[in-house]
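Single-structure report; data block below.
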Amino acid sequence: MLRTDSVASNNKLIKKEFTSGIPGRVKDADYFYFDAAPQDKVPIAMVCGGYEACAPDYDIKRASYPYWFVKYTIAGKGTLETDGKSYDLTPGTLSGFEPGTSHHYRSNDKDPLEHIFVTLVGEACRDLFSRSDLRTHCVLRVEEPPETQAAFERLLRVGLHRPPHAHEICCHYLHIALLLQTSIANQAYVYSPQTFRTFQACKQSIDARFSSFDSVSDVASACGVSVRYMSSLFKQYGDVTPSHYLMRLRLNKAANLLLTTDMTVKEIAASVGFLDPYHFSRNFRQFHGQSPKQYRGA
């Protein structure tokens, strides 16, 4: 990993400190440091972080710790013991705790841990931990490990190279890693194979026949569901109402016909399911910001 001379020199000192207490505690490491006591009242401040390839006898036990702590396991196996409970650490697990928490990290001697970690201070740390579920569950199994690991690796790279705005960038990457996990977990919680298949069937029906449907009620009837249920499916999986989705397809097709054919506005309106050309023109202007004639002449 490429580093500046100052960072490399600092890492040598830190490596010596970390490996002198317990021989072989880490086989290799890269560390970066910001300000342990930031002067500004920032919501979140990153104190330090780094990468560690643990030795088989890696064993860190503390009765307390002054910072908020987050660790992402890249490879290997190990355990975290805290609050009288033991948690397995494997690739794709996120662990963390708040200041004052006793903890005991140990590596599997046959398959040592590799991880990226950061330490934090600030009033907003509590909210970030709560939103990511790390306050409730100190060890989380990440739903999309490649994306989460990529965020931590970018954080590490920025911390080591220290480009302009490095601290702010690192904090943003941490937010991405933790809140991405929450977003995916919430999606997984509400996801149901049967309801998603029903949503897909409704959406595909609109895609195939949007010009012939007179209303959302016709779509629901064709799909064998109620309008209310279909609307809830689109809100859950499509982030749009069925009526807006239907209107979007109609008006996008109309825009294409205006640019690629000599059909009149009235003919185009009828071809995409509008019996009233004035109603069509009003909706077209709202959606595209221009009247059909203006759009064709633009």
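FYI, nothing fancy with the structure tokens labels: chains A, B, ... in order, residues from 1 per chain, ligands from 1 as they appear.
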
task: Pull the strand (DSSP E or B) assignments for range 16-203 of chain A out of DSSP run on the backbone, and list those residues as a PyMOL selection string.
output: chain A and resi 26-33+45-54+59-62+68-75+78-82+85-89+93-97+103-107+114-121+139-141

field: Spatial neighbours of Val139 in chain A, 6 Å, only C-alpha atoms, chain gap at least 2 places, as a VMD selection string
entry: chain A and resid 94 to 95 137

task: For His115 in chain A, list every protein, DNA or RNA residue within 6 Å, evaluated using only C-alpha atoms, and leave out those in the same chain fewer than 4 positions away; present the list as an MDAnalysis selection string.
output: chainID A and resid 51:52 72:74

Write out, as a PDB file, in the first residue's frame, the residues just selected, with C-alpha atoms.
ATOM      1  CA  TYR A  51      -5.788  -2.133   8.797  1.00  0.00           C
ATOM      2  CA  GLU A  52      -4.484  -5.114  10.762  1.00  0.00           C
ATOM      3  CA  TYR A  72     -15.118  -4.538   9.703  1.00  0.00           C
ATOM      4  CA  THR A  73     -13.794  -8.100   9.336  1.00  0.00           C
ATOM      5  CA  ILE A  74     -12.236  -8.704   5.929  1.00  0.00           C
TER       6      ILE A  74
END

field: Atom pair CA of Asp239 in chain A / CA of Ser217 in chain A: separation (Å)
entry: 19.1 Å

field: Distance criterion (only C-alpha atoms): nearest to Phe69 in chain A out of A:Ala220, A:Val121, A:Ala270, A:Val26
entry: A:Val121

task: Identify which of the residues A:Arg296, A:Leu178, A:Met230, A:Tyr105 lies closest to Leu258 in chain A, counting only C-alpha atoms when measuring atom-to-atom distances.
output: A:Arg296

- request: Excluding Thr260 in chain A and residues on its chain fewer than 5 positions from it, collect all residues at most 12 Å away from it, counting only C-alpha atoms, and give them as an MDAnalysis selection string.
  value: chainID A and resid 253:255 268 295:297

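Nearest to Cys223 in chain A of all the residues A:His104, A:Lys235, A:Arg197, A:Arg162 is A:Arg197, counting only C-alpha atoms.
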
- prompt: Excluding same-chain residues fewer than 4 positions from Glu98 in chain A, what lies within 10 Å of it counting only C-alpha atoms, as a ChimeraX atom specification?
  reply: /A:64-70,102,119-121,125-126,129,134-135,138

Kindly save the residues from that selection, with C-alpha atoms included, as an mmCIF file, in the first residue's frame.
data_model
loop_
_atom_site.group_PDB
_atom_site.id
_atom_site.type_symbol
_atom_site.label_atom_id
_atom_site.label_comp_id
_atom_site.auth_asym_id
_atom_site.auth_seq_id
_atom_site.Cartn_x
_atom_site.Cartn_y
_atom_site.Cartn_z
ATOM 1 C CA SER A 64 -12.958 0.296 29.022
ATOM 2 C CA TYR A 65 -12.185 2.453 25.995
ATOM 3 C CA PRO A 66 -12.620 6.223 25.528
ATOM 4 C CA TYR A 67 -13.897 6.180 21.934
ATOM 5 C CA TRP A 68 -16.704 4.877 19.792
ATOM 6 C CA PHE A 69 -15.281 1.924 17.873
ATOM 7 C CA VAL A 70 -16.158 0.251 14.543
ATOM 8 C CA SER A 102 -15.523 -3.617 28.154
ATOM 9 C CA THR A 119 -12.331 5.153 16.393
ATOM 10 C CA LEU A 120 -14.641 8.130 16.791
ATOM 11 C CA VAL A 121 -15.785 10.900 19.103
ATOM 12 C CA CYS A 125 -21.913 9.020 17.088
ATOM 13 C CA ARG A 126 -24.757 7.760 19.269
ATOM 14 C CA PHE A 129 -24.728 3.728 15.954
ATOM 15 C CA LEU A 134 -24.668 -1.297 16.279
ATOM 16 C CA ARG A 135 -26.004 -0.008 19.618
ATOM 17 C CA CYS A 138 -22.771 -5.041 18.582
#

task: Using backbone DSSP assignments, extract all alpha helix (DSSP H) residues from range 55-152 of chain A; output them as an MDAnalysis selection string.
output: chainID A and resid 125:132 145:152

Residues just named, written with C-alpha atoms as a PDB file, in the first residue's frame:
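Contents of again.pdb, freshly written:
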ATOM      1  CA  CYS A 125     -21.913   9.020  17.088  1.00  0.00           C
ATOM      2  CA  ARG A 126     -24.757   7.760  19.269  1.00  0.00           C
ATOM      3  CA  ASP A 127     -27.308   8.502  16.550  1.00  0.00           C
ATOM      4  CA  LEU A 128     -25.160   6.866  13.852  1.00  0.00           C
ATOM      5  CA  PHE A 129     -24.728   3.728  15.954  1.00  0.00           C
ATOM      6  CA  SER A 130     -28.453   3.623  16.705  1.00  0.00           C
ATOM      7  CA  ARG A 131     -29.416   4.006  13.051  1.00  0.00           C
ATOM      8  CA  SER A 132     -26.966   1.284  12.025  1.00  0.00           C
ATOM      9  CA  PRO A 145     -20.110  -7.452   1.850  1.00  0.00           C
ATOM     10  CA  PRO A 146     -18.453  -6.220  -1.385  1.00  0.00           C
ATOM     11  CA  GLU A 147     -20.108  -2.796  -1.154  1.00  0.00           C
ATOM     12  CA  THR A 148     -19.430  -2.395   2.564  1.00  0.00           C
ATOM     13  CA  GLN A 149     -15.842  -3.565   2.244  1.00  0.00           C
ATOM     14  CA  ALA A 150     -15.276  -1.191  -0.679  1.00  0.00           C
ATOM     15  CA  ALA A 151     -16.424   1.738   1.488  1.00  0.00           C
ATOM     16  CA  PHE A 152     -14.046   0.750   4.304  1.00  0.00           C
TER      17      PHE A 152
END

task: Give me the residues within 12 Å of Ala166 in chain A as a VMD selection string, counting only C-alpha atoms and dropping any in the same chain fewer than 5 places off.
output: chain A and resid 32 to 34 45 to 46 48 154 to 161 171 to 173

query: Of the candidates A:Val118, A:Ala222, A:Leu180, A:Leu174, which one gets nearest to Gly50 in chain A if we count only C-alpha atoms?
result: A:Val118

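Near Thr241 in chain A, within 10 Å and counting only C-alpha atoms, sit Val216, Met230, Ser231, Ser232, Leu233, Phe234, Lys235 and Met247 of chain A, not including residues fewer than 6 positions from it in the same chain.
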
message: Quick check, in Å to one decimal: how far apart do CA of Gly273 in chain A and CA of Thr195 in chain A lie?
response: 28.3 Å
